[in-house]
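Here is the structure we will look at.
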Amino acid sequence: MVGLVIALVLAGVASHYASSDPDGLSKVAQDKGFASTEKESATADSPLAGYGTSGVDSARLSGGIAGVTGVVTTFAVAGGVLLLLRRRSEDEHRSDISSRQPSDSGAR
C-alpha cells in the first residue's frame, strides 16, 4: 500500500515538475533530422493521450489525472495477474497434495 501511495503522489503531483524537453526518441529524431516524418498515433484522440486528460483545462490537473489513472490501471492489472498466478499456484499445490494422499481402496 505504501508503494501505491508513493506512486500516486509522484504521478499526481511530482509529474507536473517533470522536464518538458522531448523524450529520448523525439530528441534523437530532432537531432538526426527525421522528426518531420513523425506520424500521429492511432490513439492520439483518446482521453489520456499526450500525458494529459481531454476536457480538463488546467494543464497541472490534466497531467495529474492522467498520471493517477495510469498508476491505478497499472496496479489493477498487476494485481489481477498476481491473483491469477497465486490461484493457479494454490490449485497446483492442492492437486499435488491430493495425488500424494493414499487412496481409500480398502487396503488396510
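Going through the C-alpha cells in order, the chains are called A, B, and so on, while each chain numbers its residues from 1 and the ligands are numbered from 1 in the order shown.
Excluding Tyr17 (chain A) and any residue on its chain fewer than 3 positions from it, the residues at most 12 Å away by only C-alpha atoms are Leu10, Ala11, Gly12, Val13, Ala14, Ser20, Asp21, Ala59, Arg60, Gly63 and Gly64 of chain A.
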For Val68 (chain A): contacts at 12 Å, only C-alpha atoms, fewer than 3 positions along chain excluded, given as number ranges by chain
A: 4-16, 48, 51-53, 61-65, 71-75
Mind dumping the selected residues with C-alpha atoms as a PDB file, in the first residue's frame?
```pdb
ATOM      1  CA  LEU A   4       0.830   2.603  -4.244  1.00  0.00           C
ATOM      2  CA  VAL A   5       0.543   5.822  -2.225  1.00  0.00           C
ATOM      3  CA  ILE A   6       4.046   6.917  -3.232  1.00  0.00           C
ATOM      4  CA  ALA A   7       3.319   6.162  -6.898  1.00  0.00           C
ATOM      5  CA  LEU A   8       0.038   8.098  -6.732  1.00  0.00           C
ATOM      6  CA  VAL A   9       1.736  11.132  -5.169  1.00  0.00           C
ATOM      7  CA  LEU A  10       4.503  11.051  -7.755  1.00  0.00           C
ATOM      8  CA  ALA A  11       2.045  10.658 -10.639  1.00  0.00           C
ATOM      9  CA  GLY A  12      -0.438  13.204  -9.352  1.00  0.00           C
ATOM     10  CA  VAL A  13       1.862  15.911  -8.007  1.00  0.00           C
ATOM     11  CA  ALA A  14       5.503  15.438  -8.922  1.00  0.00           C
ATOM     12  CA  SER A  15       4.749  14.687 -12.588  1.00  0.00           C
ATOM     13  CA  HIS A  16       3.933  18.369 -13.074  1.00  0.00           C
ATOM     14  CA  LEU A  48      -5.474  10.255 -21.918  1.00  0.00           C
ATOM     15  CA  TYR A  51       0.230  12.780 -20.889  1.00  0.00           C
ATOM     16  CA  GLY A  52      -2.968  14.720 -20.277  1.00  0.00           C
ATOM     17  CA  THR A  53      -6.701  14.327 -19.837  1.00  0.00           C
ATOM     18  CA  LEU A  61      -4.763  18.937 -13.161  1.00  0.00           C
ATOM     19  CA  SER A  62      -4.940  17.256 -16.574  1.00  0.00           C
ATOM     20  CA  GLY A  63      -1.482  15.719 -16.197  1.00  0.00           C
ATOM     21  CA  GLY A  64      -2.179  14.709 -12.602  1.00  0.00           C
ATOM     22  CA  ILE A  65      -5.392  12.927 -13.509  1.00  0.00           C
ATOM     23  CA  VAL A  71      -0.906   4.247 -11.805  1.00  0.00           C
ATOM     24  CA  VAL A  72      -4.307   2.861 -10.789  1.00  0.00           C
ATOM     25  CA  THR A  73      -4.633   0.967 -14.081  1.00  0.00           C
ATOM     26  CA  THR A  74      -1.126  -0.476 -13.780  1.00  0.00           C
ATOM     27  CA  PHE A  75      -1.666  -1.577 -10.179  1.00  0.00           C
TER      28      PHE A  75
END
```
